[in-house]
$ cat coords.txt   # compact mmCIF, C-alpha atoms and all ligand atoms
# COMPACT_ATOMS: atom_id res chain seq x y z
CA MET S 1 17.80 -6.97 8.39
CA GLU S 2 16.39 -9.89 6.43
CA LYS S 3 15.26 -9.82 2.79
CA ASP S 4 12.31 -11.71 1.24
CA PHE S 5 11.42 -12.95 4.68
CA SER S 6 8.53 -15.41 5.01
CA LEU S 7 5.80 -14.18 7.37
CA ARG S 8 3.99 -17.53 7.44
CA LYS S 9 4.72 -18.00 11.13
CA LEU S 10 3.97 -14.34 11.87
CA ASN S 11 0.34 -14.30 10.73
CA THR S 12 -2.21 -16.59 12.37
CA PHE S 13 -4.06 -16.95 9.05
CA SER S 14 -0.87 -18.79 8.09
CA PHE S 15 -0.60 -17.37 4.58
CA ASP S 16 2.82 -17.66 2.99
CA VAL S 17 3.41 -13.94 2.52
CA LYS S 18 6.93 -12.62 1.99
CA ALA S 19 8.19 -9.25 3.20
CA LYS S 20 10.74 -7.41 1.07
CA TYR S 21 12.58 -6.25 4.21
CA PHE S 22 12.18 -7.50 7.76
CA GLN S 23 13.77 -6.37 11.01
CA GLU S 24 13.23 -7.79 14.48
CA LEU S 25 13.79 -5.33 17.36
CA LYS S 26 14.97 -6.68 20.72
CA THR S 27 16.89 -3.80 22.32
CA PRO S 28 16.89 0.04 22.29
CA ASP S 29 20.07 -0.20 20.21
CA ASP S 30 18.16 -2.14 17.54
CA VAL S 31 15.69 0.78 17.37
CA ARG S 32 18.52 3.31 16.99
CA LEU S 33 20.10 1.29 14.18
CA LEU S 34 16.73 0.88 12.46
CA LEU S 35 16.10 4.63 12.48
CA GLU S 36 19.55 5.21 10.92
CA ASN S 37 18.98 2.62 8.20
CA ASP S 38 18.58 4.27 4.75
CA ILE S 39 16.32 1.56 3.36
CA PHE S 40 14.05 1.88 6.39
CA ARG S 41 13.98 5.70 6.09
CA GLN S 42 13.09 5.50 2.43
CA CYS S 43 10.32 2.96 3.03
CA PHE S 44 9.04 5.08 5.93
CA ASP S 45 8.83 8.20 3.75
CA GLU S 46 7.03 6.18 1.08
CA ASP S 47 4.54 4.77 3.63
CA ARG S 48 5.79 1.25 3.11
CA VAL S 49 6.44 0.35 6.76
CA LEU S 50 4.38 -2.10 8.75
CA ILE S 51 4.70 -2.75 12.48
CA LEU S 52 3.81 -6.41 12.93
CA SER S 53 3.23 -7.87 16.37
CA GLY S 54 1.82 -11.39 16.85
CA GLY S 55 0.05 -11.24 13.47
CA SER S 56 -3.21 -12.45 14.99
CA ASN S 57 -5.30 -9.64 13.57
CA VAL S 58 -3.90 -9.09 10.08
CA LEU S 59 -4.67 -10.25 6.59
CA PHE S 60 -2.21 -9.50 3.81
CA ARG S 61 -3.98 -8.89 0.49
CA ASN S 62 -1.11 -10.28 -1.57
CA ASP S 63 1.64 -12.89 -1.32
CA PHE S 64 4.31 -10.18 -1.21
CA TYR S 65 4.59 -7.13 1.07
CA ASP S 66 6.62 -4.62 -0.92
CA GLY S 67 7.96 -2.73 2.05
CA PHE S 68 9.63 -2.90 5.45
CA VAL S 69 8.17 -5.03 8.24
CA VAL S 70 9.27 -4.07 11.75
CA TYR S 71 8.80 -6.78 14.36
CA PRO S 72 9.08 -5.45 17.94
CA ASN S 73 10.13 -8.29 20.21
CA PHE S 74 11.12 -6.62 23.48
CA LYS S 75 10.94 -8.98 26.45
CA GLY S 76 10.47 -8.55 30.18
CA VAL S 77 7.90 -8.18 32.94
CA GLU S 78 8.54 -6.04 36.03
CA THR S 79 6.64 -4.57 38.97
CA ILE S 80 6.71 -0.78 38.87
CA GLU S 81 4.60 0.03 41.92
CA ASP S 82 3.16 -2.10 44.69
CA THR S 83 0.67 -0.32 46.95
CA GLY S 84 -1.84 -1.71 49.45
CA ASN S 85 -4.52 -2.80 47.02
CA GLN S 86 -2.97 -2.70 43.55
CA LYS S 87 0.15 -3.39 41.53
CA ILE S 88 1.42 -1.65 38.42
CA ILE S 89 3.13 -4.19 36.18
CA ARG S 90 5.21 -3.23 33.15
CA CYS S 91 5.16 -5.78 30.36
CA PHE S 92 7.32 -5.35 27.26
CA SER S 93 5.53 -5.57 23.94
CA GLY S 94 7.08 -8.79 22.63
CA GLU S 95 5.78 -10.95 25.48
CA VAL S 96 3.08 -13.43 24.48
CA TRP S 97 -0.28 -12.10 25.70
CA LYS S 98 -1.70 -15.35 27.04
CA ASP S 99 1.48 -16.18 28.97
CA PHE S 100 1.39 -12.73 30.56
CA VAL S 101 -2.27 -13.21 31.54
CA ASP S 102 -1.48 -16.64 33.03
CA LEU S 103 1.27 -15.03 35.09
CA THR S 104 -1.07 -12.35 36.51
CA VAL S 105 -3.71 -14.99 37.26
CA ALA S 106 -1.13 -17.15 39.08
CA GLU S 107 -0.20 -14.09 41.19
CA LYS S 108 -3.92 -13.45 41.93
CA LEU S 109 -3.81 -10.01 40.34
CA TYR S 110 -7.32 -9.19 39.10
CA GLY S 111 -8.21 -7.59 35.77
CA LEU S 112 -6.97 -9.73 32.88
CA GLU S 113 -8.51 -13.15 33.65
CA ASN S 114 -11.48 -12.67 31.25
CA LEU S 115 -8.94 -11.95 28.49
CA SER S 116 -7.25 -15.35 28.86
CA ASP S 117 -5.99 -17.21 25.80
CA ILE S 118 -6.34 -14.34 23.32
CA PRO S 119 -3.66 -14.91 20.68
CA GLY S 120 -1.04 -12.24 19.97
CA LYS S 121 1.56 -10.19 21.78
CA VAL S 122 1.25 -7.64 24.56
CA GLY S 123 2.13 -4.70 22.28
CA ALA S 124 -0.95 -5.26 20.13
CA ALA S 125 -3.40 -5.30 23.04
CA PRO S 126 -3.79 -1.50 23.36
CA VAL S 127 -3.81 -0.90 19.58
CA GLN S 128 -7.21 -2.47 19.10
CA ASN S 129 -8.31 -2.43 22.74
CA ILE S 130 -8.78 -6.20 22.88
CA GLY S 131 -11.94 -7.38 24.59
CA ALA S 132 -13.70 -10.60 25.49
CA TYR S 133 -16.22 -12.02 27.97
CA GLY S 134 -17.23 -8.70 29.51
CA ALA S 135 -13.75 -7.17 29.82
CA GLU S 136 -11.75 -4.72 27.76
CA VAL S 137 -8.04 -4.12 28.18
CA LYS S 138 -8.58 -0.35 28.39
CA ASP S 139 -9.93 -0.81 31.91
CA VAL S 140 -6.56 -1.97 33.23
CA ILE S 141 -4.07 -0.09 31.07
CA TYR S 142 -2.27 2.58 33.09
CA GLN S 143 0.01 3.91 30.34
CA VAL S 144 1.66 2.92 27.06
CA HIS S 145 5.35 3.51 26.24
CA THR S 146 6.18 4.28 22.62
CA VAL S 147 9.04 5.40 20.43
CA ASP S 148 8.28 7.57 17.40
CA LEU S 149 9.54 5.91 14.22
CA ALA S 150 9.82 9.34 12.58
CA SER S 151 12.00 11.12 15.17
CA GLY S 152 13.16 8.47 17.65
CA GLU S 153 11.53 10.38 20.52
CA ILE S 154 10.07 8.47 23.45
CA ARG S 155 6.47 9.31 24.32
CA VAL S 156 4.32 7.90 27.09
CA PHE S 157 0.54 7.87 26.49
CA THR S 158 -1.69 8.01 29.57
CA ASN S 159 -4.85 5.90 29.49
CA GLU S 160 -6.86 8.98 28.51
CA GLU S 161 -4.45 9.91 25.71
CA CYS S 162 -4.87 6.41 24.25
CA LYS S 163 -8.50 7.37 23.34
CA PHE S 164 -9.77 3.83 23.68
CA SER S 165 -13.08 2.78 22.14
CA TYR S 166 -14.62 -0.50 20.90
CA ARG S 167 -11.71 -2.33 19.20
CA SER S 168 -9.86 0.94 18.61
CA SER S 169 -7.42 3.47 20.06
CA VAL S 170 -5.31 6.46 19.07
CA PHE S 171 -2.63 4.02 17.90
CA LYS S 172 -4.90 2.78 15.13
CA GLU S 173 -5.77 6.32 14.05
CA LEU S 174 -2.22 7.65 14.20
CA LYS S 175 -0.99 4.82 12.06
CA VAL S 176 -3.62 5.57 9.45
CA LYS S 177 -2.86 9.27 9.54
CA SER S 178 0.86 8.78 9.12
CA ARG S 179 0.25 6.48 6.15
CA LYS S 180 -1.66 9.22 4.37
CA LEU S 181 1.09 11.79 4.74
CA LYS S 182 4.02 11.96 2.37
CA GLY S 183 7.55 13.41 2.35
CA ARG S 184 8.16 16.32 4.71
CA GLU S 185 4.79 16.04 6.31
CA ALA S 186 5.60 12.48 7.37
CA ASN S 187 8.20 13.91 9.76
CA THR S 188 5.55 15.93 11.53
CA THR S 189 3.36 12.89 12.12
CA PHE S 190 3.88 10.75 15.13
CA CYS S 191 4.20 7.08 14.28
CA PRO S 192 4.29 5.25 17.60
CA LEU S 193 5.95 1.89 18.02
CA ILE S 194 4.79 0.42 21.34
CA PHE S 195 7.63 -1.05 23.37
CA ALA S 196 5.97 -1.55 26.77
CA VAL S 197 2.56 -1.38 28.45
CA ASP S 198 1.91 -0.64 32.14
CA PHE S 199 -1.11 -2.42 33.63
CA VAL S 200 -2.78 -1.54 36.90
CA LEU S 201 -4.11 -4.71 38.50
CA LYS S 202 -6.12 -5.12 41.69
CA LYS S 203 -5.14 -7.39 44.56
CA LYS S 204 -8.76 -7.60 45.70
CA ASP S 205 -11.30 -10.04 44.29
CA GLU S 206 -13.29 -8.28 41.51
CA LEU S 207 -14.54 -10.99 39.19
CA LYS S 208 -16.67 -10.40 36.09
CA LEU S 209 -19.03 -13.35 35.70
CA ASP S 210 -21.93 -11.86 33.84
CA TYR S 211 -20.94 -12.34 30.22
CA GLY S 212 -22.65 -15.13 28.32
CA ASN S 213 -21.52 -18.58 29.19
CA ILE S 214 -19.17 -17.92 32.10
CA ARG S 215 -21.77 -18.50 34.80
CA ASN S 216 -23.20 -21.56 33.03
CA ASN S 217 -19.74 -23.03 32.66
CA LEU S 218 -19.08 -22.55 36.39
CA ILE S 219 -22.47 -24.04 37.33
CA SER S 220 -21.78 -27.08 35.13
CA LYS S 221 -18.66 -27.65 37.23
CA ASN S 222 -20.49 -27.05 40.53
CA ILE S 223 -18.36 -24.01 41.32
CA THR S 224 -20.27 -21.56 43.51
CA ASN S 225 -17.42 -19.43 44.86
CA PRO S 226 -15.13 -19.03 41.85
CA THR S 227 -11.49 -18.01 42.16
CA ILE S 228 -9.58 -15.98 39.57
CA GLN S 229 -8.14 -19.27 38.28
CA ASP S 230 -11.68 -20.69 37.84
CA ILE S 231 -12.64 -17.71 35.68
CA ALA S 232 -9.51 -18.02 33.55
CA ASP S 233 -10.20 -21.76 33.14
CA SER S 234 -13.84 -21.14 32.15
CA VAL S 235 -12.86 -18.52 29.58
CA LYS S 236 -10.29 -20.91 28.12
CA GLU S 237 -12.86 -23.71 27.89
CA ILE S 238 -15.47 -21.48 26.24
CA ARG S 239 -12.92 -20.16 23.74
CA LYS S 240 -11.85 -23.73 22.89
CA GLU S 241 -15.47 -24.67 22.19
CA LYS S 242 -16.11 -21.67 19.93
CA LEU S 243 -12.89 -20.60 18.25
CA PRO S 244 -10.39 -22.41 16.03
CA GLU S 245 -7.13 -23.38 17.69
CA VAL S 246 -4.27 -21.09 16.72
CA GLY S 247 -1.55 -22.99 14.88
CA VAL S 248 -3.97 -25.71 13.80
CA VAL S 249 -6.53 -23.84 11.68
CA GLY S 250 -5.60 -20.46 10.16
CA SER S 251 -7.78 -17.54 11.31
CA ALA S 252 -7.58 -14.10 12.86
CA GLY S 253 -10.32 -14.56 15.47
CA SER S 254 -13.35 -12.37 14.79
CA PHE S 255 -13.00 -11.30 11.18
CA PHE S 256 -15.75 -8.64 11.37
CA GLN S 257 -16.68 -6.03 13.96
CA ASN S 258 -20.04 -6.27 15.61
CA ALA S 259 -22.56 -3.96 13.96
CA ILE S 260 -23.72 -0.78 15.66
CA ILE S 261 -27.07 0.36 14.25
CA SER S 262 -29.67 3.04 14.97
CA MET S 263 -32.60 2.31 17.30
CA ASP S 264 -34.96 2.78 14.34
CA LYS S 265 -33.27 0.15 12.25
CA TYR S 266 -32.99 -2.13 15.27
CA LEU S 267 -36.73 -1.96 16.04
CA LYS S 268 -37.61 -2.79 12.44
CA LEU S 269 -35.28 -5.82 12.46
CA LYS S 270 -36.43 -6.94 15.89
CA ALA S 271 -40.01 -7.07 14.63
CA LEU S 272 -38.87 -9.42 11.85
CA TYR S 273 -36.45 -11.44 14.01
CA PRO S 274 -37.60 -11.38 17.65
CA GLU S 275 -34.80 -13.77 18.63
CA MET S 276 -32.04 -11.40 17.44
CA PRO S 277 -29.55 -10.76 20.28
CA SER S 278 -28.53 -7.14 20.97
CA TYR S 279 -26.77 -4.88 23.48
CA PRO S 280 -27.59 -1.22 24.14
CA GLU S 281 -24.93 1.34 23.13
CA LYS S 282 -24.65 5.04 23.89
CA ASP S 283 -26.42 7.73 21.79
CA ASN S 284 -29.51 5.59 21.21
CA MET S 285 -27.59 3.05 19.16
CA VAL S 286 -27.73 -0.75 19.44
CA LYS S 287 -24.98 -3.35 18.99
CA VAL S 288 -26.01 -6.45 17.07
CA PRO S 289 -23.66 -9.45 16.95
CA THR S 290 -22.39 -9.80 13.40
CA GLY S 291 -21.82 -13.50 14.08
CA TRP S 292 -25.58 -13.87 14.48
CA LEU S 293 -26.28 -11.94 11.24
CA ILE S 294 -23.83 -14.09 9.25
CA ASP S 295 -25.18 -17.26 10.85
CA LYS S 296 -28.79 -16.25 10.08
CA ALA S 297 -27.79 -15.46 6.48
CA GLY S 298 -26.78 -19.12 6.19
CA TRP S 299 -22.98 -18.91 6.07
CA LYS S 300 -21.99 -20.82 9.20
CA GLY S 301 -19.84 -23.83 8.28
CA TYR S 302 -19.63 -22.74 4.60
CA ARG S 303 -16.47 -23.88 2.83
CA GLU S 304 -15.08 -22.97 -0.57
CA ASN S 305 -11.73 -24.44 -1.66
CA HIS S 306 -9.17 -23.52 1.03
CA VAL S 307 -11.25 -21.07 3.07
CA GLY S 308 -14.53 -20.94 4.94
CA VAL S 309 -16.70 -19.75 7.83
CA TRP S 310 -16.04 -21.45 11.18
CA ASP S 311 -18.86 -23.86 12.04
CA LYS S 312 -18.98 -22.90 15.74
CA GLN S 313 -18.76 -19.09 15.40
CA ALA S 314 -19.77 -17.43 12.13
CA LEU S 315 -17.78 -14.26 12.88
CA VAL S 316 -14.57 -16.17 12.21
CA LEU S 317 -13.23 -16.81 8.70
CA VAL S 318 -10.76 -19.65 8.40
CA HIS S 319 -7.96 -20.76 6.10
CA TYR S 320 -7.56 -24.53 5.90
CA GLY S 321 -4.07 -24.35 4.34
CA SER S 322 -2.50 -23.94 0.85
CA GLY S 323 -4.87 -21.08 0.02
CA LYS S 324 -4.29 -17.48 -1.08
CA PRO S 325 -5.25 -14.31 0.84
CA LEU S 326 -7.45 -13.32 -2.10
CA GLU S 327 -9.77 -16.25 -1.33
CA ILE S 328 -10.53 -14.75 2.09
CA ILE S 329 -11.05 -11.29 0.55
CA GLU S 330 -13.52 -12.75 -1.93
CA LEU S 331 -15.38 -14.65 0.79
CA MET S 332 -15.47 -11.46 2.90
CA LYS S 333 -17.09 -9.53 0.02
CA LYS S 334 -19.70 -12.24 -0.57
CA ILE S 335 -20.65 -12.27 3.12
CA GLN S 336 -20.78 -8.46 3.30
CA HIS S 337 -23.05 -8.40 0.25
CA SER S 338 -25.31 -11.11 1.61
CA VAL S 339 -25.70 -9.46 5.06
CA LYS S 340 -26.43 -6.12 3.36
CA GLU S 341 -29.10 -7.75 1.16
CA LYS S 342 -30.79 -9.60 4.01
CA PHE S 343 -30.60 -7.09 6.88
CA GLY S 344 -29.61 -3.77 5.25
CA ILE S 345 -26.52 -3.64 7.50
CA GLU S 346 -23.01 -2.90 6.26
CA ILE S 347 -20.47 -4.95 8.17
CA SER S 348 -16.81 -3.97 8.39
CA PRO S 349 -13.75 -6.12 8.94
CA GLU S 350 -12.19 -6.06 12.37
CA VAL S 351 -9.00 -7.57 10.98
CA ASN S 352 -6.43 -5.12 9.56
CA ILE S 353 -6.21 -5.71 5.84
CA ILE S 354 -2.75 -4.77 4.59
N1 LIG A 401 -24.05 -15.89 17.58
C1 LIG A 401 -24.81 -16.70 16.75
N2 LIG A 401 -24.16 -17.41 15.77
C2 LIG A 401 -22.82 -17.36 15.59
C3 LIG A 401 -22.06 -16.52 16.43
C4 LIG A 401 -22.68 -15.79 17.43
O1 LIG A 401 -26.02 -16.78 16.88
O2 LIG A 401 -22.32 -18.02 14.68
C5 LIG A 401 -24.72 -15.17 18.69
C6 LIG A 401 -24.41 -15.82 20.03
O3 LIG A 401 -25.31 -16.85 20.33
C7 LIG A 401 -24.54 -14.67 20.99
C8 LIG A 401 -24.05 -13.47 20.16
O4 LIG A 401 -24.19 -13.85 18.79
O5 LIG A 401 -25.87 -14.44 21.33
C9 LIG A 401 -22.65 -13.04 20.49
O6 LIG A 401 -21.73 -14.11 20.27
P1 LIG A 401 -20.39 -14.29 21.16
O7 LIG A 401 -20.71 -14.23 22.59
O8 LIG A 401 -19.67 -15.50 20.65
O9 LIG A 401 -19.54 -13.00 20.88
P2 LIG A 401 -19.30 -12.07 19.62
O10 LIG A 401 -19.98 -10.78 19.82
O11 LIG A 401 -19.61 -12.82 18.36
C10 LIG A 401 -17.21 -10.91 20.63
C11 LIG A 401 -15.78 -10.62 20.25
C12 LIG A 401 -14.90 -11.85 20.43
C13 LIG A 401 -14.99 -12.30 21.89
C14 LIG A 401 -16.46 -12.59 22.20
C15 LIG A 401 -16.67 -12.98 23.63
C16 LIG A 401 -15.90 -8.87 18.54
C17 LIG A 401 -15.67 -8.51 17.11
N3 LIG A 401 -15.71 -10.16 18.86
O12 LIG A 401 -17.72 -11.85 19.70
O13 LIG A 401 -13.55 -11.46 20.19
O14 LIG A 401 -14.20 -13.43 22.13
O15 LIG A 401 -17.26 -11.40 21.95
O16 LIG A 401 -16.52 -11.87 24.44
O17 LIG A 401 -16.23 -8.00 19.32
C18 LIG A 401 -11.83 -11.40 18.54
O18 LIG A 401 -11.88 -10.17 18.64
O19 LIG A 401 -11.03 -11.97 17.75
C19 LIG A 401 -12.75 -12.21 19.34
C20 LIG A 401 -12.80 -13.52 19.23

$ encode --input "coords.txt" --output "structure tokens"
Amino acid sequence: MEKDFSLRKLNTFSFDVKAKYFQELKTPDDVRLLLENDIFRQCFDEDRVLILSGGSNVLFRNDFYDGFVVYPNFKGVETIEDTGNQKIIRCFSGEVWKDFVDLTVAEKLYGLENLSDIPGKVGAAPVQNIGAYGAEVKDVIYQVHTVDLASGEIRVFTNEECKFSYRSSVFKELKVKSRKLKGREANTTFCPLIFAVDFVLKKKDELKLDYGNIRNNLISKNITNPTIQDIADSVKEIRKEKLPEVGVVGSAGSFFQNAIISMDKYLKLKALYPEMPSYPEKDNMVKVPTGWLIDKAGWKGYRENHVGVWDKQALVLVHYGSGKPLEIIELMKKIQHSVKEKFGIEISPEVNII
């Protein structure tokens, strides 16, 4: 266990936040020792435990996390089942997501290619059901292996039990629930630490080309019969054009969730802004890209001291270095206020604010 550990390299915003206690987990024995550790137990009972994966979707409010950061870093990739037309691959949670995707693409296993180059680790993918360019990870997750930080019990969640939805899953909810409970009740709450994810990937060509720029990118390269590698390459190129490079500019990808509004509200806005992009949702709701709303409200490329709004994708807030987390929080509030004023829409962060 480390004390006053700097998390600068473990959050892609690159803020110099220190954790009071920090423990990396590499083996089942590390988990056993963690659960026996008195400081950990006390922090757990006081709801001062944070499971940190790649840190690509978190923003710490302060420079100091007064609690216990657990960093699962289990490694390994193995084939669990190989049938005629599909393979089930187990990937341990500490593997780097984009390296794992590259590996599946190289093996011509279909399902993850549209999710190429997303920063973070494999263990975080199911938590927020990562999605990009017409694909969501929920569509290829077979099951998720967890250990309960309260009891040490192993529990496997089937795809259905994960309760996946847009950028969410049961793992997000359970974490929140366990934080709210205190003392004895905390022992009755399941607090899952993900140690491996099983993916079911197809051996047969099933490419998703319909999202946004993928087709245009392929056409610009004169590719008419794309391979899985072509799709992965296109996604990587599009991401490079739109999103800041991890490790160069601090960010956490999309800072806000896309807005889901009623049909009524949508029709009123559409009359005012006929060019507004939108996607139909279930229950007569409509998804409106928050990046468009922020852009239209005039924030794209805005910069204030050490932070700003990315000039190629307004959904992304960036930290240019030497800043404080509070600067991002203040910018977030200004943008939320401005979008509410202009469009009457309340936008929520997609990033986990700790
Ligand atoms: N738009 C603008 N101005 C902007 C940004 C977007 O007008 O500054 C418009 C675009 O022209 C397009 C629409 O808004 O018509 C949607 O934009 P885009 O295709 O870039 O996707 P998004 O909805 O803004 C989502 C994900 C991204 C993912 C992309 C591509 C969320 C919160 N974000 O963004 O995920 O890469 O789709 O699939 O759902 C992430 O989660 O960190 C992330 C980057």

$ closest_residue --input "coords.txt" --among "S:Ser322, S:Asn62, S:Gln23, S:Gln229" --to "Ile354 of chain S" --atoms "all atoms listed in the file"
S:Asn62

$ residues_near_ligand --input "coords.txt" --ligand "ligand LIG 401 (chain A)" --cutoff "7 Å" --atoms "all atoms listed in the file" --output "ChimeraX atom specification"
/S:130-134,212,252-258,277,289-292,294-295,300,312-315,350

$ closest_residue --input "coords.txt" --among "S:Asp102, S:Asp117, S:Glu341, S:Glu95" --to "Leu243 of chain S" --atoms "only C-alpha atoms"
S:Asp117

$ closest_residue --input "coords.txt" --among "S:Glu173, S:Glu161, S:Asp63, S:Asp198" --to "His145 of chain S" --atoms "all atoms listed in the file"
S:Asp198

$ residues_around --input "coords.txt" --residues "Gly250 of chain S" --least-positions-apart "3" --cutoff "9 Å" --atoms "only C-alpha atoms" --output "PyMOL selection string"
chain S and resi 11-15+244-247+317-321

$ residues_around --input "coords.txt" --residues "Asp311 of chain S" --least-positions-apart "3" --cutoff "9 Å" --atoms "only C-alpha atoms" --output "list of chain:residue names"
S:Lys242, S:Trp299, S:Lys300, S:Gly301, S:Tyr302, S:Gly308, S:Ala314, S:Val316

$ closest_residue --input "coords.txt" --among "S:Lys268, S:Lys333, S:Lys324, S:Lys121" --to "Ser53 of chain S" --atoms "all atoms listed in the file"
S:Lys121

$ atom_distance --input "coords.txt" --atom1 "atom CA of Ile141 of chain S" --atom2 "atom CA of Leu193 of chain S"
16.6 Å

$ atom_distance --input "coords.txt" --atom1 "atom CA of Ile345 of chain S" --atom2 "atom CA of Gly323 of chain S"
28.8 Å

$ closest_residue --input "coords.txt" --among "S:Asn305, S:Ser168, S:Ile214, S:Tyr71" --to "Val235 of chain S" --atoms "all atoms listed in the file"
S:Ile214

$ closest_residue --input "coords.txt" --among "S:Phe64, S:Glu46, S:Ile347, S:Asn114" --to "Asp210 of chain S" --atoms "only C-alpha atoms"
S:Asn114

$ atom_distance --input "coords.txt" --atom1 "atom CA of Thr146 of chain S" --atom2 "atom CA of Phe195 of chain S"
5.6 Å

$ residues_around --input "coords.txt" --residues "Glu136 of chain S" --least-positions-apart "3" --cutoff "12 Å" --atoms "all atoms listed in the file" --output "CSV table (one decimal) with C-alpha atoms, keeping the file's coordinate frame"
chain,number,residue,atom,x,y,z
S,111,GLY,CA,-8.2,-7.6,35.8
S,112,LEU,CA,-7.0,-9.7,32.9
S,113,GLU,CA,-8.5,-13.2,33.6
S,114,ASN,CA,-11.5,-12.7,31.2
S,115,LEU,CA,-8.9,-12.0,28.5
S,116,SER,CA,-7.2,-15.4,28.9
S,118,ILE,CA,-6.3,-14.3,23.3
S,125,ALA,CA,-3.4,-5.3,23.0
S,126,PRO,CA,-3.8,-1.5,23.4
S,128,GLN,CA,-7.2,-2.5,19.1
S,129,ASN,CA,-8.3,-2.4,22.7
S,130,ILE,CA,-8.8,-6.2,22.9
S,131,GLY,CA,-11.9,-7.4,24.6
S,132,ALA,CA,-13.7,-10.6,25.5
S,133,TYR,CA,-16.2,-12.0,28.0
S,139,ASP,CA,-9.9,-0.8,31.9
S,140,VAL,CA,-6.6,-2.0,33.2
S,141,ILE,CA,-4.1,-0.1,31.1
S,164,PHE,CA,-9.8,3.8,23.7
S,165,SER,CA,-13.1,2.8,22.1
S,166,TYR,CA,-14.6,-0.5,20.9
S,167,ARG,CA,-11.7,-2.3,19.2
S,168,SER,CA,-9.9,0.9,18.6
S,208,LYS,CA,-16.7,-10.4,36.1

$ residues_around --input "coords.txt" --residues "Val96 of chain S" --least-positions-apart "5" --cutoff "12 Å" --atoms "all atoms listed in the file" --output "list in words"
Ser53, Gly54, Gly55, Ser56, Pro72, Asn73, Phe74, Lys75, Gly76, Val77, Cys91, Val101, Asp102, Leu103, Ser116, Asp117, Ile118, Pro119, Gly120, Lys121, Val122, Gly123, Ala124 and Ala125 of chain S

$ build_atoms --input "coords.txt" --residues "segment 261-275 of chain S" --atoms "N, CA and C atoms" --output "mmCIF file, in the frame of the given file"
data_model
loop_
_atom_site.group_PDB
_atom_site.id
_atom_site.type_symbol
_atom_site.label_atom_id
_atom_site.label_comp_id
_atom_site.auth_asym_id
_atom_site.auth_seq_id
_atom_site.Cartn_x
_atom_site.Cartn_y
_atom_site.Cartn_z
ATOM 1 N N ILE S 261 -26.021 -0.194 15.121
ATOM 2 C CA ILE S 261 -27.070 0.360 14.250
ATOM 3 C C ILE S 261 -27.986 1.298 15.032
ATOM 4 N N SER S 262 -28.767 2.087 14.311
ATOM 5 C CA SER S 262 -29.670 3.040 14.970
ATOM 6 C C SER S 262 -30.836 2.274 15.616
ATOM 7 N N MET S 263 -31.456 2.910 16.599
ATOM 8 C CA MET S 263 -32.600 2.310 17.300
ATOM 9 C C MET S 263 -33.735 2.021 16.309
ATOM 10 N N ASP S 264 -33.923 2.932 15.365
ATOM 11 C CA ASP S 264 -34.960 2.780 14.340
ATOM 12 C C ASP S 264 -34.801 1.484 13.552
ATOM 13 N N LYS S 265 -33.595 1.339 13.049
ATOM 14 C CA LYS S 265 -33.270 0.150 12.250
ATOM 15 C C LYS S 265 -33.409 -1.108 13.112
ATOM 16 N N TYR S 266 -32.937 -0.991 14.352
ATOM 17 C CA TYR S 266 -32.990 -2.130 15.270
ATOM 18 C C TYR S 266 -34.437 -2.579 15.480
ATOM 19 N N LEU S 267 -35.327 -1.606 15.748
ATOM 20 C CA LEU S 267 -36.730 -1.960 16.040
ATOM 21 C C LEU S 267 -37.388 -2.655 14.845
ATOM 22 N N LYS S 268 -37.046 -2.164 13.649
ATOM 23 C CA LYS S 268 -37.610 -2.790 12.440
ATOM 24 C C LYS S 268 -37.126 -4.244 12.318
ATOM 25 N N LEU S 269 -35.831 -4.454 12.565
ATOM 26 C CA LEU S 269 -35.280 -5.820 12.460
ATOM 27 C C LEU S 269 -35.826 -6.720 13.557
ATOM 28 N N LYS S 270 -35.954 -6.157 14.745
ATOM 29 C CA LYS S 270 -36.430 -6.940 15.890
ATOM 30 C C LYS S 270 -37.850 -7.462 15.655
ATOM 31 N N ALA S 271 -38.638 -6.644 14.939
ATOM 32 C CA ALA S 271 -40.010 -7.070 14.630
ATOM 33 C C ALA S 271 -39.970 -8.284 13.696
ATOM 34 N N LEU S 272 -38.985 -8.285 12.791
ATOM 35 C CA LEU S 272 -38.870 -9.420 11.850
ATOM 36 C C LEU S 272 -38.214 -10.633 12.498
ATOM 37 N N TYR S 273 -37.223 -10.355 13.379
ATOM 38 C CA TYR S 273 -36.450 -11.440 14.010
ATOM 39 C C TYR S 273 -36.445 -11.250 15.524
ATOM 40 N N PRO S 274 -37.503 -11.638 16.202
ATOM 41 C CA PRO S 274 -37.600 -11.380 17.650
ATOM 42 C C PRO S 274 -36.468 -12.027 18.447
ATOM 43 N N GLU S 275 -35.853 -13.063 17.899
ATOM 44 C CA GLU S 275 -34.800 -13.770 18.630
ATOM 45 C C GLU S 275 -33.424 -13.111 18.482
#
